[in-house]
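Peer 1: For reference, the structure I am asking about is given below.
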Amino acid sequence: MKNILITGGTGYIGSHTCLALLKRGFNLTIIDSNINSSSLSISRVKKILKDEYYDEKIVFFKGDIRDKKFLDEIFLNSIKQNNRIQGVIHFAGLKAVSESLFQPLVYWENNVYGSICLFEIMGKYDCKNIVFSSSASIYKNNSLKPILETSEIKPCTPYGQTKVAIENILEGIFKTSSNSWRIANLRYFNPIGAHESGLIGENPLSTPNNLFPIVCRVADGSICELQIFGNDWPTNDGTPVRDYIHIMDLAEAHCAGLDFLFKNKPQFINLNVGTGIGTSVLELVNKFMEVNNCRIPYKYSQKRLGDLPFVVAENKLITSILEWRPKRNIEQMCRDGWQWQKNNPNGF
Ligand code: NAD
Ligand code: UFG
């Protein structure tokens, strides 16, 4: 079976994707600096799979993608052990949008320079298949219409700019290498929730900034009140609308993306990964309270800088090209996310 390198594989999306890939039989080489995660997520993944058979299918190396010597050794070893890395899913990166406004250089250096190091070593070892974690934050959407892959790209934060830069670098690599690479940029919308076992989930090491982990912490009492950023947006109930996607649906999109790349001719493709369904902040909060039978005290406060009213995917391209469609609804996202939080109030 193919060996896939997962950068950032102990993080939120990475750990769920590792689980989905192992179930499909892939061998995994995981690397992570653990700057925003714990490698305990790997033991939890193994616990979910409940089978010693999987122990041999995962190797983990703690390290940084900006360390080319470290990357080189990993690729070289995989060849020596007759388990050559044939593809990469590249999650490793810093992702706090607001932090990137204050520390742009840190984001450019970690995300963009780190990616350059990775792509260079991949090229050296003739590993030319990659799925990259891009983001809906690259789009400039001021309308109330779903976003297409061809919609205007105009990120308003350094975080989003690093994602565009990495996509552009990959496009350059594709065009200048006689089109020999297979590259899929998956542009995620808003992943939330957790695996249904409640054993793995989102584990932000610093104070969370995103809505869902904050809602979970208000539900368990560790944050006293949710602030909803604005109630006069041009949406049905005045609060912003997002396309929330269950983390396991997102994880499965990576498996489908890899299968697609391996089965088809070399290409460079951008795909939105969302459900196509919009949910407002207020709808999410109400659904969470209803499904989990709990209280989420909230108050309206000022709009957050750079927020947009409506960020929902047009997902026709991905559902027509990949053997994938989102299966889990907002109720399941709320139920699974809360189960993780209840069982693991302090993370891993
Ligand atoms: P995460 O922080 O849980 O995972 C990222 C992982 O990368 C972490 O485990 C971190 O320790 C590791 N990492 C960071 N820099 C590294 C480096 N230089 N070398 C090695 N490891 C490094 O975040 P996530 O939510 O799982 O996001 C994964 C990817 O998806 C990120 O690239 C993020 O930008 C992107 N993304 C996330 C969202 C979201 O809402 N979660 C939305 C769009 C895109
Ligand atoms: N929100 C609140 N109160 C909070 C936190 C958030 O009202 O305490 C609102 C925001 O105003 C926004 C919505 O909840 O309208 C969702 O906010 P998030 O911070 O959870 O998510 P964003 O849509 O702003 O951004 C997220 C990720 C990005 C990613 C993007 C893709 O943080 O990395 O989704 O759409 F690129």
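To be explicit about the labels: the chains of the structure tokens are called A, B, and onward in the order shown, and within each one the residues are counted from 1, while ligands get numbers from 1 in the order they are shown.
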Quick one: residues within 8 Å of region 190-193 of chain A, only C-alpha atoms counted, chain neighbours fewer than 3 positions away excluded, as an NGL selection string?
Peer 2: :A and (201-202 or 212 or 242-247 or 250 or 274 or 332-338)
Peer 1: Give me the residues within 7 Å of region 150-152 of chain A as a PyMOL selection string, counting only C-alpha atoms and dropping any in the same chain fewer than 3 places off.
Peer 2: chain A and resi 139-140+147
Peer 1: Take the selection from the previous step and output its residues with C-alpha atoms, as a PDB file, in the first residue's frame.
Peer 2:
```pdb
ATOM      1  CA  TYR A 139     -11.790  34.776  -1.367  1.00  0.00           C
ATOM      2  CA  LYS A 140     -13.136  38.300  -1.187  1.00  0.00           C
ATOM      3  CA  ILE A 147     -18.409  31.139  -3.805  1.00  0.00           C
TER       4      ILE A 147
END
```
Peer 1: As an NGL selection string, please: every residue in region 19-110 of chain A that DSSP puts in strand (DSSP E).
Peer 2: :A and (27-32 or 58-62 or 85-90)
Peer 1: Please extract the residues at most 8 Å from ligand 1, counting only C-alpha atoms and all ligand atoms, and provide them as number ranges by chain, using the chain letters and residue numbers of this document.
Peer 2: A: 7-15, 31-38, 62-66, 90-96, 110-111, 114, 132-137, 159, 163, 187-192, 202-204, 210
Peer 1: Do a neighbour search on Ala184 (chain A) at 8 Å with only C-alpha atoms, toss out local chain neighbours closer than 2 positions, and write the hits as a ChimeraX atom specification.
Peer 2: /A:130-132,182,186,257,261,268-271
Peer 1: Interatomic distance between CA of Asn293 (chain A) and CA of Trp340 (chain A)?
Peer 2: 15.5 Å
